[in-house]
Each structure stands twice: as C-alpha cells, then as structure tokens.
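*Asks:* Before I ask anything, let me first share the structure, which is written out below as structure tokens.
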Amino acid sequence: MERVTHVKFVANAFNKSATHWIEVTLGEWQVATQKAQVGMILGKIERLCQEQLADQLHIPYRQGYLYARPEKIEREDH
C-alpha cells in the first residue's frame, strides 16, 4: 500500500445484524490503517450515532446525508 494515502469506508457496512457476516470492526481497520500510515474516510454517515463513532475513532474525513445532500451541478455552456 505504498501509494495509498487514504481508505474510504461506509458507515452502514459496520452495522451488526443477524445476517451480517463481516467480523472486522471499524476499530480494527483503524489499527491496520494506522500501522500502514494511511488515513481513513468514513462515508454514508446518516445518523448521529455514526458521527459519534467517527468522533470516538478520530476519523477526520467524513461524508454523508447527515452533513448535506448532493446537489445538481448546472453545466455552463461556453
């Protein structure tokens, strides 16, 4: 991962459920990215509890509907 600077994760991928099969937690990924000196980005943050998790893990880069909805960009014809 020598050319990788950041890894992006989606918050809802770490929600536990009866059918959830991924046993690696976001905290475990944080340890791995810190060892590799790679930053983390947490996307699809939609609920306050997901933002609180990002705060707890000190993840500085975040995206999601909790912050803003996507907006259409108007094309300028030249």
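Ligands are numbered from 1 in the order shown, chains are lettered A, B, ... in the order of the structure tokens, and residues start at 1 in each chain.
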Could you pull out all residues of stretch 2-73 of chain A with a DSSP call of strand (DSSP E) and give them as number ranges by chain?

*Replies:* A: 6-10, 39-43, 61-62

*Asks:* Would you export the selected residues with all heavy atoms as an mmCIF file, in the first residue's frame, please?

*Replies:*
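That gives us out_35.cif:
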data_model
loop_
_atom_site.group_PDB
_atom_site.id
_atom_site.type_symbol
_atom_site.label_atom_id
_atom_site.label_comp_id
_atom_site.auth_asym_id
_atom_site.auth_seq_id
_atom_site.Cartn_x
_atom_site.Cartn_y
_atom_site.Cartn_z
ATOM 1 N N HIS A 6 -5.280 7.204 1.551
ATOM 2 C CA HIS A 6 -6.498 7.115 2.347
ATOM 3 C C HIS A 6 -7.312 5.900 1.909
ATOM 4 O O HIS A 6 -7.261 5.500 0.752
ATOM 5 C CB HIS A 6 -7.364 8.369 2.187
ATOM 6 C CG HIS A 6 -6.767 9.570 2.822
ATOM 7 N ND1 HIS A 6 -5.780 10.310 2.224
ATOM 8 C CD2 HIS A 6 -7.013 10.148 4.009
ATOM 9 C CE1 HIS A 6 -5.434 11.302 3.018
ATOM 10 N NE2 HIS A 6 -6.180 11.223 4.117
ATOM 11 N N VAL A 7 -8.084 5.364 2.843
ATOM 12 C CA VAL A 7 -9.017 4.278 2.567
ATOM 13 C C VAL A 7 -10.394 4.753 3.008
ATOM 14 O O VAL A 7 -10.550 5.308 4.098
ATOM 15 C CB VAL A 7 -8.634 2.984 3.323
ATOM 16 C CG1 VAL A 7 -9.628 1.884 3.050
ATOM 17 C CG2 VAL A 7 -7.226 2.542 2.950
ATOM 18 N N LYS A 8 -11.393 4.544 2.129
ATOM 19 C CA LYS A 8 -12.752 5.001 2.435
ATOM 20 C C LYS A 8 -13.620 3.821 2.848
ATOM 21 O O LYS A 8 -13.619 2.779 2.195
ATOM 22 C CB LYS A 8 -13.363 5.684 1.217
ATOM 23 C CG LYS A 8 -14.717 6.289 1.476
ATOM 24 C CD LYS A 8 -15.201 7.054 0.261
ATOM 25 C CE LYS A 8 -16.545 7.686 0.518
ATOM 26 N NZ LYS A 8 -16.981 8.470 -0.649
ATOM 27 N N PHE A 9 -14.360 4.009 3.923
ATOM 28 C CA PHE A 9 -15.284 3.014 4.445
ATOM 29 C C PHE A 9 -16.676 3.628 4.475
ATOM 30 O O PHE A 9 -16.814 4.836 4.609
ATOM 31 C CB PHE A 9 -14.896 2.613 5.878
ATOM 32 C CG PHE A 9 -13.530 2.022 5.975
ATOM 33 C CD1 PHE A 9 -12.427 2.838 6.200
ATOM 34 C CD2 PHE A 9 -13.330 0.665 5.849
ATOM 35 C CE1 PHE A 9 -11.155 2.293 6.288
ATOM 36 C CE2 PHE A 9 -12.072 0.114 5.935
ATOM 37 C CZ PHE A 9 -10.973 0.931 6.157
ATOM 38 N N VAL A 10 -17.698 2.788 4.380
ATOM 39 C CA VAL A 10 -19.064 3.281 4.532
ATOM 40 C C VAL A 10 -19.575 2.854 5.901
ATOM 41 O O VAL A 10 -19.390 1.709 6.317
ATOM 42 C CB VAL A 10 -20.001 2.812 3.403
ATOM 43 C CG1 VAL A 10 -19.606 3.442 2.090
ATOM 44 C CG2 VAL A 10 -20.023 1.317 3.277
ATOM 45 N N GLY A 39 -4.639 7.232 5.909
ATOM 46 C CA GLY A 39 -5.764 7.920 6.528
ATOM 47 C C GLY A 39 -7.081 7.209 6.254
ATOM 48 O O GLY A 39 -7.192 6.395 5.338
ATOM 49 N N MET A 40 -8.083 7.541 7.059
ATOM 50 C CA MET A 40 -9.407 6.956 6.899
ATOM 51 C C MET A 40 -10.420 8.020 6.504
ATOM 52 O O MET A 40 -10.357 9.151 6.975
ATOM 53 C CB MET A 40 -9.874 6.305 8.206
ATOM 54 C CG MET A 40 -9.109 5.066 8.584
ATOM 55 S SD MET A 40 -9.700 4.350 10.141
ATOM 56 C CE MET A 40 -11.289 3.691 9.651
ATOM 57 N N ILE A 41 -11.363 7.613 5.651
ATOM 58 C CA ILE A 41 -12.514 8.433 5.285
ATOM 59 C C ILE A 41 -13.745 7.596 5.610
ATOM 60 O O ILE A 41 -13.820 6.428 5.234
ATOM 61 C CB ILE A 41 -12.507 8.776 3.783
ATOM 62 C CG1 ILE A 41 -11.224 9.504 3.401
ATOM 63 C CG2 ILE A 41 -13.748 9.587 3.419
ATOM 64 C CD1 ILE A 41 -11.007 9.621 1.904
ATOM 65 N N LEU A 42 -14.701 8.178 6.315
ATOM 66 C CA LEU A 42 -15.933 7.463 6.632
ATOM 67 C C LEU A 42 -17.074 8.102 5.857
ATOM 68 O O LEU A 42 -17.365 9.287 6.016
ATOM 69 C CB LEU A 42 -16.223 7.495 8.131
ATOM 70 C CG LEU A 42 -17.382 6.623 8.604
ATOM 71 C CD1 LEU A 42 -17.135 5.151 8.268
ATOM 72 C CD2 LEU A 42 -17.603 6.792 10.099
ATOM 73 N N GLY A 43 -17.697 7.334 4.980
ATOM 74 C CA GLY A 43 -18.783 7.820 4.144
ATOM 75 C C GLY A 43 -20.127 7.242 4.558
ATOM 76 O O GLY A 43 -20.213 6.357 5.402
ATOM 77 N N TYR A 61 -12.071 12.767 8.139
ATOM 78 C CA TYR A 61 -12.714 12.960 6.847
ATOM 79 C C TYR A 61 -14.009 12.164 6.790
ATOM 80 O O TYR A 61 -14.021 10.952 6.952
ATOM 81 C CB TYR A 61 -11.778 12.546 5.714
ATOM 82 C CG TYR A 61 -10.492 13.308 5.748
ATOM 83 C CD1 TYR A 61 -9.300 12.694 6.112
ATOM 84 C CD2 TYR A 61 -10.456 14.666 5.442
ATOM 85 C CE1 TYR A 61 -8.117 13.394 6.170
ATOM 86 C CE2 TYR A 61 -9.272 15.379 5.500
ATOM 87 C CZ TYR A 61 -8.106 14.740 5.857
ATOM 88 O OH TYR A 61 -6.940 15.440 5.916
ATOM 89 N N ARG A 62 -15.124 12.891 6.536
ATOM 90 C CA ARG A 62 -16.458 12.285 6.624
ATOM 91 C C ARG A 62 -17.339 12.795 5.495
ATOM 92 O O ARG A 62 -17.208 13.937 5.061
ATOM 93 C CB ARG A 62 -17.102 12.630 7.956
ATOM 94 C CG ARG A 62 -16.237 12.266 9.132
ATOM 95 C CD ARG A 62 -16.732 12.908 10.394
ATOM 96 N NE ARG A 62 -15.778 12.682 11.480
ATOM 97 C CZ ARG A 62 -16.019 12.959 12.722
ATOM 98 N NH1 ARG A 62 -17.191 13.464 13.074
ATOM 99 N NH2 ARG A 62 -15.103 12.738 13.645
#

*Asks:* Just the number, please: distance in Å from atom CA of A:Tyr65 to atom CA of A:Ile45, one decimal.

*Replies:*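 These atoms are spaced 6.3 Å apart.
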
*Asks:* Using only C-alpha atoms, determine which residues lie at most 12 Å from A:Leu48, disregarding the query and same-chain residues fewer than 4 positions distant; provide the list as a PDB file with N, CA, C and O atoms, in the first residue's frame.

*Replies:*
ATOM      1  N   ALA A  11     -20.183   3.792   6.595  1.00  0.00           N
ATOM      2  CA  ALA A  11     -20.587   3.570   7.980  1.00  0.00           C
ATOM      3  C   ALA A  11     -21.561   2.412   8.131  1.00  0.00           C
ATOM      4  O   ALA A  11     -21.447   1.611   9.062  1.00  0.00           O
ATOM      5  N   LYS A  44     -21.170   7.751   3.941  1.00  0.00           N
ATOM      6  CA  LYS A  44     -22.551   7.348   4.192  1.00  0.00           C
ATOM      7  C   LYS A  44     -22.953   7.519   5.654  1.00  0.00           C
ATOM      8  O   LYS A  44     -23.656   6.697   6.220  1.00  0.00           O
ATOM      9  N   GLN A  52     -20.901   9.975  15.952  1.00  0.00           N
ATOM     10  CA  GLN A  52     -20.268   9.792  17.260  1.00  0.00           C
ATOM     11  C   GLN A  52     -19.179   8.718  17.194  1.00  0.00           C
ATOM     12  O   GLN A  52     -18.134   8.850  17.831  1.00  0.00           O
ATOM     13  N   LEU A  53     -19.405   7.675  16.422  1.00  0.00           N
ATOM     14  CA  LEU A  53     -18.380   6.649  16.233  1.00  0.00           C
ATOM     15  C   LEU A  53     -17.155   7.244  15.538  1.00  0.00           C
ATOM     16  O   LEU A  53     -16.020   6.991  15.949  1.00  0.00           O
ATOM     17  N   ALA A  54     -17.372   8.056  14.517  1.00  0.00           N
ATOM     18  CA  ALA A  54     -16.257   8.724  13.828  1.00  0.00           C
ATOM     19  C   ALA A  54     -15.495   9.636  14.785  1.00  0.00           C
ATOM     20  O   ALA A  54     -14.261   9.701  14.752  1.00  0.00           O
ATOM     21  N   ASP A  55     -16.226  10.335  15.659  1.00  0.00           N
ATOM     22  CA  ASP A  55     -15.579  11.167  16.683  1.00  0.00           C
ATOM     23  C   ASP A  55     -14.725  10.312  17.614  1.00  0.00           C
ATOM     24  O   ASP A  55     -13.576  10.645  17.898  1.00  0.00           O
ATOM     25  N   GLY A  64     -21.660  12.260   4.005  1.00  0.00           N
ATOM     26  CA  GLY A  64     -22.953  11.633   4.229  1.00  0.00           C
ATOM     27  C   GLY A  64     -24.094  12.616   4.326  1.00  0.00           C
ATOM     28  O   GLY A  64     -23.896  13.831   4.438  1.00  0.00           O
ATOM     29  N   TYR A  65     -25.299  12.066   4.278  1.00  0.00           N
ATOM     30  CA  TYR A  65     -26.513  12.875   4.333  1.00  0.00           C
ATOM     31  C   TYR A  65     -26.648  13.618   5.649  1.00  0.00           C
ATOM     32  O   TYR A  65     -27.375  14.606   5.721  1.00  0.00           O
ATOM     33  N   LEU A  66     -25.969  13.178   6.695  1.00  0.00           N
ATOM     34  CA  LEU A  66     -26.042  13.902   7.959  1.00  0.00           C
ATOM     35  C   LEU A  66     -25.497  15.324   7.793  1.00  0.00           C
ATOM     36  O   LEU A  66     -25.937  16.255   8.456  1.00  0.00           O
ATOM     37  N   TYR A  67     -24.573  15.495   6.868  1.00  0.00           N
ATOM     38  CA  TYR A  67     -23.933  16.795   6.654  1.00  0.00           C
ATOM     39  C   TYR A  67     -24.597  17.599   5.537  1.00  0.00           C
ATOM     40  O   TYR A  67     -24.784  18.795   5.652  1.00  0.00           O
TER      41      TYR A  67
END

*Asks:* Compare A:Leu57, A:Val31, A:Val38, A:Thr25 by their minimum atom-to-atom distance to A:Val4, counting only C-alpha atoms, and give me the closest one.

*Replies:* A:Val38

*Asks:* For A:Ala36, work out the shell of residues within 10 Å, counting only C-alpha atoms and skipping chain neighbours fewer than 6 positions away, then give it as a PyMOL selection string.

*Replies:* chain A and resi 1-2+4-5+30

*Asks:* Put those residues in a file: N, CA, C and O atoms, as a PDB file, in the first residue's frame.

*Replies:*
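New file out19.pdb:
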ATOM      1  N   MET A   1       0.824  -1.198   0.000  1.00  0.00           N
ATOM      2  CA  MET A   1       0.000   0.000   0.000  1.00  0.00           C
ATOM      3  C   MET A   1       0.863   1.254   0.000  1.00  0.00           C
ATOM      4  O   MET A   1       0.450   2.267   0.543  1.00  0.00           O
ATOM      5  N   GLU A   2       1.980   1.209  -0.636  1.00  0.00           N
ATOM      6  CA  GLU A   2       2.882   2.356  -0.568  1.00  0.00           C
ATOM      7  C   GLU A   2       2.346   3.596  -1.279  1.00  0.00           C
ATOM      8  O   GLU A   2       2.737   4.698  -0.945  1.00  0.00           O
ATOM      9  N   VAL A   4      -1.008   4.295  -1.500  1.00  0.00           N
ATOM     10  CA  VAL A   4      -2.321   4.593  -0.935  1.00  0.00           C
ATOM     11  C   VAL A   4      -2.166   5.633   0.171  1.00  0.00           C
ATOM     12  O   VAL A   4      -1.340   5.485   1.053  1.00  0.00           O
ATOM     13  N   THR A   5      -2.974   6.695   0.093  1.00  0.00           N
ATOM     14  CA  THR A   5      -2.924   7.730   1.132  1.00  0.00           C
ATOM     15  C   THR A   5      -4.125   7.656   2.072  1.00  0.00           C
ATOM     16  O   THR A   5      -4.015   8.012   3.229  1.00  0.00           O
ATOM     17  N   GLN A  30      -9.046   0.699  11.760  1.00  0.00           N
ATOM     18  CA  GLN A  30      -8.288   1.875  12.170  1.00  0.00           C
ATOM     19  C   GLN A  30      -6.874   1.484  12.594  1.00  0.00           C
ATOM     20  O   GLN A  30      -5.904   2.135  12.227  1.00  0.00           O
TER      21      GLN A  30
END

*Asks:* From the DSSP assignment of the backbone, select every residue of stretch 29-78 of chain A that is helix (DSSP H, G or I), and format the answer as a list of chain:residue names.

*Replies:* A:Trp29, A:Gln30, A:Val31, A:Ala32, A:Thr33, A:Gln34, A:Lys35, A:Leu48, A:Cys49, A:Gln50, A:Glu51, A:Gln52, A:Leu53, A:Ala54, A:Asp55, A:Gln56

*Asks:* Residues of the last selection are to be written out with N, CA and C atoms, as a compact mmCIF listing (two decimals), in the first residue's frame.

*Replies:*
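See selection29.txt below for the written result:
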# COMPACT_ATOMS: atom_id res chain seq x y z
N TRP A 29 -9.99 -1.88 11.60
CA TRP A 29 -9.47 -1.25 10.38
C TRP A 29 -8.64 -0.02 10.73
N GLN A 30 -9.05 0.70 11.76
CA GLN A 30 -8.29 1.87 12.17
C GLN A 30 -6.87 1.48 12.59
N VAL A 31 -6.74 0.42 13.35
CA VAL A 31 -5.42 -0.06 13.78
C VAL A 31 -4.58 -0.41 12.55
N ALA A 32 -5.18 -1.11 11.58
CA ALA A 32 -4.46 -1.52 10.37
C ALA A 32 -4.02 -0.31 9.54
N THR A 33 -4.90 0.68 9.40
CA THR A 33 -4.53 1.85 8.60
C THR A 33 -3.47 2.70 9.31
N GLN A 34 -3.53 2.76 10.63
CA GLN A 34 -2.50 3.49 11.36
C GLN A 34 -1.14 2.83 11.19
N LYS A 35 -1.09 1.51 11.25
CA LYS A 35 0.18 0.79 11.05
C LYS A 35 0.74 1.06 9.66
N LEU A 48 -26.70 10.23 13.83
CA LEU A 48 -25.83 10.83 14.84
C LEU A 48 -24.91 9.78 15.46
N CYS A 49 -25.38 8.56 15.67
CA CYS A 49 -24.54 7.53 16.28
C CYS A 49 -23.35 7.18 15.39
N GLN A 50 -23.51 7.31 14.08
CA GLN A 50 -22.39 7.07 13.17
C GLN A 50 -21.37 8.19 13.26
N GLU A 51 -21.85 9.42 13.41
CA GLU A 51 -20.94 10.55 13.59
C GLU A 51 -20.20 10.42 14.92
N GLN A 52 -20.90 9.98 15.95
CA GLN A 52 -20.27 9.79 17.26
C GLN A 52 -19.18 8.72 17.19
N LEU A 53 -19.40 7.68 16.42
CA LEU A 53 -18.38 6.65 16.23
C LEU A 53 -17.16 7.24 15.54
N ALA A 54 -17.37 8.06 14.52
CA ALA A 54 -16.26 8.72 13.83
C ALA A 54 -15.49 9.64 14.78
N ASP A 55 -16.23 10.33 15.66
CA ASP A 55 -15.58 11.17 16.68
C ASP A 55 -14.73 10.31 17.61
N GLN A 56 -15.30 9.21 18.07
CA GLN A 56 -14.61 8.33 19.02
C GLN A 56 -13.33 7.76 18.42

*Asks:* What does the distance from atom CA of A:Arg69 to atom CA of A:Asn12 come to in Å, to one decimal?

*Replies:* 16.9 Å

*Asks:* Just the number, please: distance in Å from atom CA of A:Leu26 to atom CA of A:Arg47, one decimal.

*Replies:* 16.1 Å
